[in-house]
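Have a look at work_33.cif below; it lists mmCIF, C-alpha atoms and all ligand atoms.
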data_run
loop_
_atom_site.label_atom_id
_atom_site.label_comp_id
_atom_site.auth_asym_id
_atom_site.auth_seq_id
_atom_site.Cartn_x
_atom_site.Cartn_y
_atom_site.Cartn_z
CA MET A 1135 60.33 -59.10 73.51
CA ALA A 1136 58.25 -62.18 73.10
CA THR A 1137 58.19 -63.65 69.62
CA ASP A 1138 54.96 -65.12 68.47
CA THR A 1139 55.61 -68.68 67.26
CA GLY A 1140 52.07 -69.21 66.07
CA PRO A 1141 49.81 -71.85 67.57
CA GLY A 1142 52.81 -73.24 69.52
CA GLY A 1143 52.90 -70.16 71.76
CA LYS A 1144 55.52 -67.58 72.66
CA MET A 1145 59.22 -68.35 72.17
CA GLU A 1146 60.11 -67.82 75.81
CA ASP A 1147 57.31 -70.17 76.79
CA LEU A 1148 58.88 -72.78 74.54
CA ASP A 1149 62.36 -72.19 76.01
CA LEU A 1150 60.88 -72.61 79.44
CA PHE A 1151 59.10 -75.75 78.34
CA TYR A 1152 62.33 -77.26 76.88
CA GLU A 1153 64.13 -76.41 80.09
CA GLN A 1154 61.43 -78.16 82.13
CA VAL A 1155 61.75 -81.29 79.97
CA LYS A 1156 65.55 -81.19 80.30
CA GLN A 1157 65.31 -80.93 84.08
CA VAL A 1158 63.65 -84.37 84.19
CA HIS A 1159 66.26 -85.89 81.78
CA GLY A 1160 63.85 -85.80 78.88
CA ARG A 1161 64.09 -84.47 75.33
CA GLY A 1162 61.48 -83.71 72.69
CA LEU A 1163 61.93 -86.42 70.07
CA TRP A 1164 61.91 -83.68 67.42
CA GLN A 1165 64.96 -82.11 69.10
CA THR A 1166 67.06 -85.25 68.68
CA GLU A 1167 69.03 -86.59 65.76
CA GLY A 1168 66.53 -89.46 65.75
CA THR A 1169 66.41 -91.75 62.74
CA ALA A 1170 68.57 -89.39 60.66
CA LYS A 1171 71.66 -90.72 62.45
CA LYS A 1172 74.26 -91.92 59.94
CA THR A 1173 76.67 -94.79 60.37
CA ALA A 1174 80.18 -93.88 61.48
CA THR A 1175 82.05 -96.88 60.06
CA LEU A 1176 84.36 -95.81 57.22
CA PRO A 1177 85.52 -98.05 54.41
CA TYR A 1178 89.14 -98.68 55.37
CA ILE A 1179 92.10 -100.95 54.70
CA TRP A 1180 94.92 -102.01 57.01
CA LYS A 1181 98.07 -103.21 55.24
CA TYR A 1182 99.72 -106.29 56.72
CA GLN A 1183 103.16 -104.96 55.80
CA ASP A 1184 102.53 -102.02 58.19
CA PHE A 1185 101.37 -104.23 61.04
CA ARG A 1186 103.72 -107.20 60.83
CA PRO A 1187 106.85 -105.41 62.10
CA LEU A 1188 104.80 -103.79 64.86
CA LEU A 1189 103.53 -107.18 65.96
CA PHE A 1190 107.10 -108.44 66.29
CA LYS A 1191 107.96 -105.27 68.23
CA ALA A 1192 105.02 -105.91 70.53
CA ALA A 1193 106.29 -109.46 71.00
CA ALA A 1194 109.70 -108.11 72.02
CA MET A 1195 108.42 -105.33 74.26
CA VAL A 1196 105.14 -106.45 75.84
CA PRO A 1197 105.21 -109.65 77.90
CA ILE A 1198 102.24 -111.90 77.20
CA GLU A 1199 101.46 -112.12 80.91
CA LEU A 1200 100.89 -108.36 80.93
CA ALA A 1201 98.82 -108.13 77.78
CA GLU A 1202 96.91 -111.39 78.37
CA ARG A 1203 96.46 -111.40 74.58
CA ARG A 1204 99.22 -109.74 72.52
CA VAL A 1205 96.90 -108.07 70.09
CA LEU A 1206 97.00 -104.97 67.91
CA VAL A 1207 93.54 -103.78 67.02
CA MET A 1208 92.67 -102.36 63.63
CA ALA A 1209 90.77 -99.27 64.68
CA ASN A 1210 88.35 -97.71 62.21
CA PRO A 1211 89.14 -93.98 62.09
CA GLY A 1212 85.46 -93.13 61.60
CA ILE A 1213 84.49 -94.56 64.96
CA THR A 1214 85.33 -92.49 68.03
CA SER A 1215 85.93 -95.45 70.33
CA ASP A 1216 89.58 -96.38 70.04
CA TRP A 1217 89.34 -99.99 69.04
CA GLN A 1218 86.59 -101.20 66.74
CA ALA A 1219 86.66 -102.03 63.03
CA THR A 1220 82.90 -101.62 62.47
CA SER A 1221 80.03 -100.48 64.67
CA THR A 1222 79.58 -104.06 65.91
CA LEU A 1223 82.85 -105.94 65.32
CA LEU A 1224 86.52 -106.02 66.20
CA ALA A 1225 89.32 -107.01 63.83
CA ASN A 1226 92.67 -107.64 65.52
CA LEU A 1227 96.04 -109.14 64.78
CA GLN A 1228 97.46 -111.43 67.46
CA ILE A 1229 101.02 -112.75 67.80
CA ILE A 1230 102.23 -115.59 70.00
CA LEU A 1231 105.85 -116.72 70.24
CA PRO A 1232 107.15 -120.29 70.64
CA GLY A 1233 106.68 -121.51 74.21
CA GLU A 1234 104.17 -118.81 75.16
CA VAL A 1235 100.71 -119.32 76.59
CA ALA A 1236 97.89 -116.75 76.43
CA ARG A 1237 96.03 -117.65 79.61
CA SER A 1238 92.55 -119.09 79.82
CA HIS A 1239 89.47 -116.88 80.06
CA ARG A 1240 85.92 -116.77 78.78
CA HIS A 1241 83.49 -114.06 77.77
CA SER A 1242 79.98 -113.65 76.44
CA ALA A 1243 81.41 -112.23 73.21
CA SER A 1244 82.09 -114.73 70.42
CA ALA A 1245 85.47 -114.91 68.71
CA LEU A 1246 86.96 -116.31 65.54
CA ARG A 1247 90.50 -116.69 64.22
CA LEU A 1248 91.74 -116.72 60.68
CA VAL A 1249 95.32 -117.96 60.70
CA ILE A 1250 97.80 -115.78 58.79
CA GLU A 1251 101.26 -117.21 59.36
CA GLY A 1252 103.11 -119.93 61.24
CA THR A 1253 102.26 -123.38 62.50
CA GLY A 1254 102.54 -125.17 65.83
CA ALA A 1255 100.18 -123.04 67.90
CA TYR A 1256 96.78 -124.16 69.08
CA THR A 1257 93.63 -122.70 70.51
CA ALA A 1258 92.19 -124.80 73.31
CA VAL A 1259 88.41 -124.47 73.71
CA ASP A 1260 86.74 -126.05 76.75
CA GLY A 1261 89.60 -128.52 77.05
CA GLU A 1262 90.19 -129.42 73.40
CA LYS A 1263 93.27 -128.29 71.48
CA SER A 1264 92.89 -127.37 67.87
CA PHE A 1265 96.16 -126.94 66.00
CA MET A 1266 96.15 -124.08 63.54
CA GLU A 1267 97.62 -123.64 60.07
CA PRO A 1268 97.50 -120.70 57.66
CA GLY A 1269 94.01 -120.15 56.22
CA ASP A 1270 92.24 -122.18 58.93
CA PHE A 1271 89.05 -120.67 60.31
CA VAL A 1272 88.90 -121.40 64.03
CA THR A 1273 85.91 -120.70 66.27
CA THR A 1274 85.80 -119.68 69.92
CA PRO A 1275 82.08 -119.75 70.76
CA ASN A 1276 80.75 -117.43 73.44
CA TRP A 1277 81.30 -118.36 77.09
CA THR A 1278 83.75 -121.17 76.31
CA TRP A 1279 87.05 -121.30 78.22
CA HIS A 1280 89.89 -120.66 75.82
CA ASP A 1281 93.63 -120.26 75.86
CA HIS A 1282 96.25 -120.23 73.14
CA GLY A 1283 99.65 -121.88 73.26
CA ASN A 1284 102.54 -122.15 70.85
CA ASP A 1285 104.22 -125.59 70.92
CA GLY A 1286 106.07 -124.91 67.65
CA ASP A 1287 109.29 -123.11 66.81
CA GLN A 1288 107.91 -120.11 64.89
CA ALA A 1289 105.92 -117.04 65.82
CA MET A 1290 102.29 -117.39 64.90
CA ILE A 1291 100.01 -114.61 63.79
CA TRP A 1292 96.29 -114.66 63.20
CA LEU A 1293 93.36 -112.35 62.64
CA ASP A 1294 90.91 -112.22 65.53
CA GLY A 1295 87.28 -111.32 64.87
CA LEU A 1296 85.02 -110.57 67.81
CA ASP A 1297 81.53 -109.20 68.33
CA VAL A 1298 82.45 -107.28 71.51
CA PRO A 1299 80.97 -103.88 70.44
CA LEU A 1300 77.68 -105.60 69.58
CA VAL A 1301 77.59 -107.41 72.91
CA GLN A 1302 78.53 -104.21 74.74
CA ALA A 1303 75.73 -102.32 72.96
CA THR A 1304 73.27 -104.82 74.40
CA GLU A 1305 74.97 -104.51 77.84
CA ALA A 1306 75.36 -108.28 77.99
CA MET A 1307 79.16 -108.38 78.29
CA PHE A 1308 80.54 -110.84 80.84
CA TYR A 1309 84.16 -111.78 81.30
CA GLU A 1310 85.94 -114.24 83.59
CA VAL A 1311 89.56 -115.29 84.05
CA TYR A 1312 90.15 -118.99 84.70
CA GLY A 1313 91.80 -119.89 88.02
CA ALA A 1314 94.87 -121.43 86.33
CA GLU A 1315 96.92 -120.53 83.26
CA GLN A 1316 95.25 -123.23 81.20
CA TYR A 1317 91.93 -125.04 81.38
CA PRO A 1318 92.54 -128.80 81.74
CA ILE A 1319 92.68 -130.75 78.50
CA VAL A 1320 89.73 -133.15 78.65
CA ASN A 1321 89.29 -134.12 74.98
CA PRO A 1322 91.64 -135.57 72.34
CA ASP A 1323 93.28 -132.98 70.07
CA ASP A 1324 91.11 -131.91 67.14
CA MET A 1325 88.24 -134.13 68.26
CA SER A 1326 85.66 -131.72 66.85
CA ILE A 1327 87.13 -132.10 63.36
CA ARG A 1328 86.74 -135.85 63.56
CA LEU A 1329 83.16 -135.61 64.85
CA TYR A 1330 81.81 -132.72 62.83
CA GLY A 1331 84.24 -132.12 59.99
CA GLY A 1332 82.69 -134.67 57.65
CA GLY A 1333 80.87 -132.16 55.50
CA ALA A 1334 77.27 -133.24 55.15
CA LEU A 1335 77.65 -136.12 57.63
CA LYS A 1336 76.24 -135.32 61.06
CA PRO A 1337 76.62 -137.67 64.05
CA THR A 1338 73.12 -138.87 64.97
CA TRP A 1339 73.79 -139.62 68.65
CA VAL A 1340 75.01 -136.14 69.53
CA LYS A 1341 72.63 -133.57 70.98
CA HIS A 1342 74.08 -130.12 70.49
CA ASN A 1343 71.45 -127.56 71.43
CA GLN A 1344 73.66 -124.53 71.13
CA TYR A 1345 73.62 -121.33 69.14
CA PHE A 1346 77.03 -122.05 67.69
CA SER A 1347 78.83 -124.69 65.67
CA PRO A 1348 80.51 -127.54 67.58
CA LEU A 1349 83.26 -127.60 64.90
CA LEU A 1350 86.24 -125.66 66.20
CA ASN A 1351 88.41 -125.64 63.09
CA TYR A 1352 87.44 -125.44 59.43
CA LYS A 1353 90.69 -126.47 57.76
CA PHE A 1354 91.81 -124.32 54.86
CA ALA A 1355 92.96 -127.22 52.70
CA LYS A 1356 89.41 -128.61 52.63
CA THR A 1357 87.78 -125.21 52.07
CA TYR A 1358 90.12 -124.43 49.18
CA GLU A 1359 89.59 -127.83 47.60
CA THR A 1360 85.80 -127.33 47.79
CA LEU A 1361 86.01 -123.84 46.27
CA LYS A 1362 88.19 -125.08 43.40
CA ALA A 1363 85.83 -127.98 42.69
CA MET A 1364 82.88 -125.57 42.58
CA ALA A 1365 84.79 -123.26 40.24
CA GLU A 1366 85.04 -126.06 37.70
CA GLN A 1367 81.21 -126.12 37.50
CA THR A 1368 80.00 -122.57 38.00
CA ASP A 1369 80.84 -118.86 38.13
CA GLY A 1370 79.07 -118.63 41.48
CA SER A 1371 77.70 -115.29 42.62
CA PRO A 1372 78.00 -112.25 40.31
CA HIS A 1373 78.93 -110.21 43.41
CA ASP A 1374 81.18 -112.51 45.42
CA GLY A 1375 82.55 -115.12 43.03
CA ILE A 1376 82.62 -118.70 44.31
CA SER A 1377 81.52 -117.93 47.84
CA VAL A 1378 80.65 -120.32 50.66
CA GLU A 1379 79.43 -119.79 54.18
CA TYR A 1380 81.03 -121.62 57.10
CA THR A 1381 78.03 -123.26 58.76
CA ASN A 1382 77.09 -125.11 61.88
CA PRO A 1383 77.07 -128.75 60.68
CA MET A 1384 74.26 -129.60 63.13
CA THR A 1385 71.82 -126.96 61.86
CA GLY A 1386 73.08 -125.44 58.61
CA GLY A 1387 72.96 -122.04 60.36
CA PRO A 1388 75.86 -119.63 60.85
CA ALA A 1389 79.03 -120.98 62.49
CA LEU A 1390 78.73 -118.42 65.29
CA ALA A 1391 75.49 -116.99 66.67
CA THR A 1392 76.39 -113.39 65.89
CA MET A 1393 78.91 -113.57 63.06
CA SER A 1394 78.36 -114.92 59.55
CA CYS A 1395 81.64 -116.12 58.06
CA PHE A 1396 82.51 -116.77 54.43
CA ALA A 1397 85.28 -117.87 52.08
CA SER A 1398 85.29 -116.65 48.46
CA LEU A 1399 87.38 -117.65 45.49
CA MET A 1400 87.86 -115.33 42.52
CA ALA A 1401 89.53 -116.45 39.31
CA PRO A 1402 92.38 -114.33 37.92
CA GLY A 1403 90.91 -111.30 36.11
CA LEU A 1404 87.43 -111.67 37.60
CA HIS A 1405 85.62 -108.39 38.07
CA THR A 1406 82.46 -108.80 40.17
CA LYS A 1407 79.39 -106.60 39.90
CA ALA A 1408 78.60 -104.06 42.57
CA HIS A 1409 75.96 -104.53 45.23
CA ARG A 1410 75.28 -103.17 48.68
CA HIS A 1411 73.74 -104.78 51.72
CA THR A 1412 73.29 -104.27 55.43
CA GLY A 1413 75.78 -106.01 57.68
CA GLY A 1414 79.16 -104.26 57.81
CA THR A 1415 81.75 -106.75 56.57
CA ILE A 1416 85.42 -107.31 57.32
CA TYR A 1417 87.42 -108.91 54.48
CA HIS A 1418 90.76 -110.58 54.90
CA VAL A 1419 92.85 -111.47 51.84
CA ILE A 1420 94.03 -115.05 52.32
CA LYS A 1421 95.52 -115.17 48.85
CA GLY A 1422 96.03 -112.99 45.79
CA LYS A 1423 96.14 -109.35 44.85
CA GLY A 1424 93.73 -106.91 43.30
CA HIS A 1425 91.43 -104.08 44.27
CA SER A 1426 87.92 -103.40 45.44
CA VAL A 1427 85.82 -100.36 44.67
CA ILE A 1428 83.87 -99.22 47.72
CA ASN A 1429 81.42 -96.34 47.24
CA GLY A 1430 83.44 -95.15 44.24
CA LYS A 1431 86.92 -95.35 45.80
CA VAL A 1432 89.58 -97.86 44.80
CA PHE A 1433 91.12 -99.90 47.63
CA ARG A 1434 94.19 -101.88 46.49
CA TRP A 1435 94.82 -105.06 48.43
CA ASP A 1436 97.60 -107.60 48.70
CA GLU A 1437 97.83 -110.93 50.45
CA LYS A 1438 97.16 -110.73 54.22
CA ASP A 1439 95.59 -107.24 54.13
CA THR A 1440 92.29 -106.58 55.92
CA PHE A 1441 89.59 -104.14 54.85
CA VAL A 1442 86.12 -103.03 55.86
CA VAL A 1443 83.03 -102.58 53.72
CA PRO A 1444 80.55 -100.75 55.96
CA SER A 1445 76.84 -101.50 55.90
CA TRP A 1446 75.00 -100.29 52.79
CA HIS A 1447 78.14 -99.34 50.84
CA TRP A 1448 78.45 -100.29 47.18
CA HIS A 1449 81.30 -102.71 46.60
CA GLU A 1450 82.79 -104.75 43.78
CA HIS A 1451 86.02 -106.72 43.58
CA HIS A 1452 88.67 -107.07 40.92
CA ALA A 1453 91.05 -110.01 41.29
CA GLU A 1454 94.34 -109.49 39.45
CA SER A 1455 95.48 -113.01 40.31
CA GLU A 1456 93.56 -115.92 41.79
CA ALA A 1457 92.24 -114.51 45.05
CA VAL A 1458 90.70 -116.01 48.17
CA PHE A 1459 88.90 -113.85 50.74
CA PHE A 1460 87.82 -114.69 54.22
CA SER A 1461 85.03 -112.39 55.39
CA TYR A 1462 82.80 -111.98 58.41
CA SER A 1463 79.95 -109.70 59.30
CA ASP A 1464 77.11 -109.22 61.75
CA SER A 1465 74.62 -110.45 59.15
CA ALA A 1466 73.89 -113.53 61.29
CA VAL A 1467 72.16 -111.14 63.68
CA ILE A 1468 70.79 -108.80 61.06
CA THR A 1469 69.20 -111.60 59.04
CA SER A 1470 67.62 -113.31 62.05
CA VAL A 1471 65.77 -110.13 63.04
CA GLY A 1472 64.59 -109.10 59.58
CA LEU A 1473 67.07 -106.28 58.98
CA TYR A 1474 68.93 -107.77 56.04
CA ARG A 1475 68.53 -105.77 52.84
CA GLU A 1476 70.46 -106.06 49.62
CA GLU A 1477 70.51 -104.20 46.32
CA ALA A 1478 72.40 -104.85 43.07
CA LEU A 1479 73.72 -101.89 41.08
CA GLU A 1480 71.78 -101.77 37.82
CA GLU A 1481 73.39 -98.91 35.94
CA ASN A 1482 76.65 -99.06 33.99
CA ASN A 1483 76.43 -102.85 33.73
CA GLY A 1484 76.77 -103.13 37.52
CA HIS A 1485 79.99 -101.14 37.89
CA GLN A 1486 80.48 -98.00 39.95
CA LYS A 1487 81.87 -94.75 38.69
CA ILE A 1488 85.43 -94.47 40.01
CA GLU A 1489 85.96 -91.27 41.97
CA GLY A 1490 89.51 -91.76 43.23
CA ASN A 1491 91.86 -93.90 45.23
CA PHE A 1492 91.74 -94.67 48.91
CA GLU A 1493 94.23 -92.60 50.89
CA PRO A 1494 95.07 -93.50 54.49
CA LEU A 1495 93.67 -90.85 56.83
CA PRO A 1496 96.13 -88.72 58.78
CA VAL A 1497 96.50 -89.82 62.38
CA PRO A 1498 95.40 -87.17 64.90
CA GLU A 1499 98.18 -85.91 67.22
CA ARG A 1500 96.57 -87.81 70.04
CA ALA A 1501 93.30 -89.51 69.30
CA ALA A 1502 90.55 -88.49 71.71
CA GLY A 1503 90.29 -90.91 74.59
CA VAL A 1504 93.32 -92.98 73.58
CA GLN A 1505 96.04 -93.17 76.16
CA GLN A 1506 99.53 -93.50 74.73
CA ARG A 1507 100.56 -95.96 77.42
CA ARG A 1508 98.49 -97.81 79.83
CA GLU A 1509 98.32 -100.97 81.80
CA PRO A 1510 95.59 -103.38 80.74
CA PRO A 1511 92.30 -102.41 82.42
CA LYS A 1512 91.45 -103.95 85.76
CA ARG A 1513 88.28 -106.00 85.65
CA ASP A 1514 85.83 -106.95 88.42
C1 LIG B 1601 90.07 -112.31 73.28
O1 LIG B 1601 89.55 -113.14 74.19
C2 LIG B 1601 91.04 -112.74 72.40
O2 LIG B 1601 91.01 -114.96 73.23
C3 LIG B 1601 91.57 -111.87 71.46
O3 LIG B 1601 92.47 -114.46 71.74
C4 LIG B 1601 91.12 -110.57 71.40
C5 LIG B 1601 89.67 -108.79 72.18
C6 LIG B 1601 88.69 -108.36 73.04
C7 LIG B 1601 88.15 -109.20 74.01
C8 LIG B 1601 88.58 -110.50 74.10
C9 LIG B 1601 91.55 -114.16 72.46
C10 LIG B 1601 90.14 -110.11 72.26
C11 LIG B 1601 89.59 -110.97 73.22
#
Could you write out this structure as structure tokens?
Ligand code: 1HN
Amino acid sequence: MATDTGPGGKMEDLDLFYEQVKQVHGRGLWQTEGTAKKTATLPYIWKYQDFRPLLFKAAAMVPIELAERRVLVMANPGITSDWQATSTLLANLQIILPGEVARSHRHSASALRLVIEGTGAYTAVDGEKSFMEPGDFVTTPNWTWHDHGNDGDQAMIWLDGLDVPLVQATEAMFYEVYGAEQYPIVNPDDMSIRLYGGGALKPTWVKHNQYFSPLLNYKFAKTYETLKAMAEQTDGSPHDGISVEYTNPMTGGPALATMSCFASLMAPGLHTKAHRHTGGTIYHVIKGKGHSVINGKVFRWDEKDTFVVPSWHWHEHHAESEAVFFSYSDSAVITSVGLYREEALEENNGHQKIEGNFEPLPVPERAAGVQQRREPPKRD
């Protein structure tokens, strides 16, 4: 029997109408999730002590020629794809053994490295080697040829940050393998540090009309020295402590077009006030131990751990010893298109009510879409 739906007409007429719209691959906007869609990124922490032995296992079991990059991804359990840390960013751990080379390629995604352990390895970008030490922030701008090699006698491990999910969402992902294992070295080692690493001194004769910084390596020793000097004068930000952004020395803008990158120093015992902002952020603990409260849950961190604060989640940090964070987010993009928004917590003197401790989520028997074993994907 037909049901009267009021001015809209009979129910079966409506069903028929919806079916007609569906047949032309349409949908009534009011039938969709629309703007009510929530973010999937969960606040999460990956412990380095869990990953380190697995990285060495990967090094023993998976030849670098097969993997191209010997990388374990830190996969956010809230996101159904099997590999991203936030809706827009990847956070990976990469290991390279003495004598190995991770062959040259380039892609339209941007990449960064934050060195965790070892010395003697380099990243070569468009023919310039940059040697890496713990704490260094190393850039691989989009569409530059890059390979990694380890000339030293220790394994080297670093955090990789990439904007691949963001680039894939815009369907602007391009990828190319270089015709030889390594791109020819055309510049002196660490040339970019000598040209652009002078702080506020910018070479006048260089034209660098690019979206990204020409400086390939922001050395940790210099960053730490700067942070410590600032700490003698000021408390810095109530939310982030003594916090600096890695910038493009030619423009003052973000180091990479899509990723804003920061270093923050917190004095022992510092307890920052909570705020929330757009731009999902990945934090890596360069130094120290403590905990952060994210949307009411306590996340304990130690040196070398990595954690995610999703967009618009309250967060505050508590350093139990002197702590240094490296962090990166998509706020370079968000800010440039007017989507940045920030709010400080007013109540309770800026501190959240604690609702419990973070517990790692159980791992599903076999995560949907994740193959237990597979060869690296073939590319066009
Ligand atoms: C990449 O090029 C590297 O060059 C590491 O070290 C991880 C993850 C996805 C796509 C490209 C690297 C990557 C990557």
Near A:Glu1476, counting all atoms listed in the file, which residues have an atom at most 7 Å away, once you skip same-chain residues fewer than 5 positions from it, shown as an MDAnalysis selection string? chainID A and resid 1410:1412
Quick one: what's the axis-aligned box for stretch 1331-1339 of chain A, all listed atoms, 4 Å on every side, centre and edges in Å to one decimal, as AutoDock Vina command-line options?
--center_x 78.7 --center_y -135.9 --center_z 61.9 --size_x 19.1 --size_y 15.5 --size_z 21.5
List the spatial neighbours of A:Pro1494 as a ChimeraX atom specification - criterion: any atom at most 9 Å away, all atoms listed in the file, same-chain residues fewer than 3 positions off excluded. /A:1178-1180,1497
Pull C-alpha atoms from the residues just selected and write them as a PDB file, in the coordinates of the input.
ATOM      1  CA  TYR A1178      89.140 -98.680  55.370  1.00  0.00           C
ATOM      2  CA  ILE A1179      92.100-100.950  54.700  1.00  0.00           C
ATOM      3  CA  TRP A1180      94.920-102.010  57.010  1.00  0.00           C
ATOM      4  CA  VAL A1497      96.500 -89.820  62.380  1.00  0.00           C
TER       5      VAL A1497
END
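Residue neighbourhood of A:Gln1183, excluding near-sequence residues (fewer than 6 positions): Leu1189, Phe1190, Trp1435, Asp1436, Glu1437, Lys1438, Asp1439 and Thr1440 of chain A, at 12 Å, using all atoms listed in the file.
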What is the distance, in Å and to one decimal place, between atom CA of A:Ile1229 and atom CA of A:Leu1248? 12.4 Å
Using Å and a single decimal, report how far atom CA of A:Thr1173 sits from atom CA of A:His1485. 23.6 Å
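Distance check against A:Val1378 using all atoms listed in the file: of A:Thr1169, A:Pro1177, A:Val1458, A:Asp1324, the minimum falls on A:Val1458.
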Surrounding residues of A:His1241 excluding itself and chain neighbours under 4 positions, 8 Å, only C-alpha atoms, as a list in words: Asn1276, Trp1277, Thr1278, Met1307, Phe1308, Tyr1309 and Glu1310 of chain A
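Near A:Gln1165, within a cut-off of 12 Å and counting all atoms listed in the file, sit the residues A:Tyr1152, A:Val1155, A:Lys1156, A:Gly1160, A:Arg1161, A:Thr1169, A:Ala1170, with same-chain residues fewer than 4 positions away left out.
If you measure from each of A:Ala1303, A:Ala1314, A:Met1195, A:Met1384 to A:Leu1329 using only C-alpha atoms, the closest one turns out to be A:Met1384.
One distance worth recording is that between atom CA of A:Ala1408 and atom CA of A:Lys1421, which is 21.2 Å.
Nearest to ligand LIG 1601 (chain B) of all the residues A:Lys1431, A:Arg1475, A:Lys1423, A:Arg1247 is A:Arg1247, based on all atoms listed in the file.
The residue that comes closest to A:Pro1444, out of A:Ile1230, A:Ala1192, A:Ile1420, A:Ile1428 and on the basis of all atoms listed in the file, is A:Ile1428.
Using all atoms listed in the file, the nearest neighbour of A:Leu1349 within the list A:Pro1275, A:Pro1498, A:Gly1414, A:Gly1283 is A:Pro1275.
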Here is a test: counting all atoms listed in the file, which residue of A:Asn1482, A:Asn1210, A:Gln1218, A:Asn1226 is nearest to A:Tyr1182? A:Asn1226
Sphere at (89.4, -100.6, 65.6), radius 7 Å, counting all atoms listed in the file: residues as a PyMOL selection string: chain A and resi 1207-1210+1216-1219+1224-1225
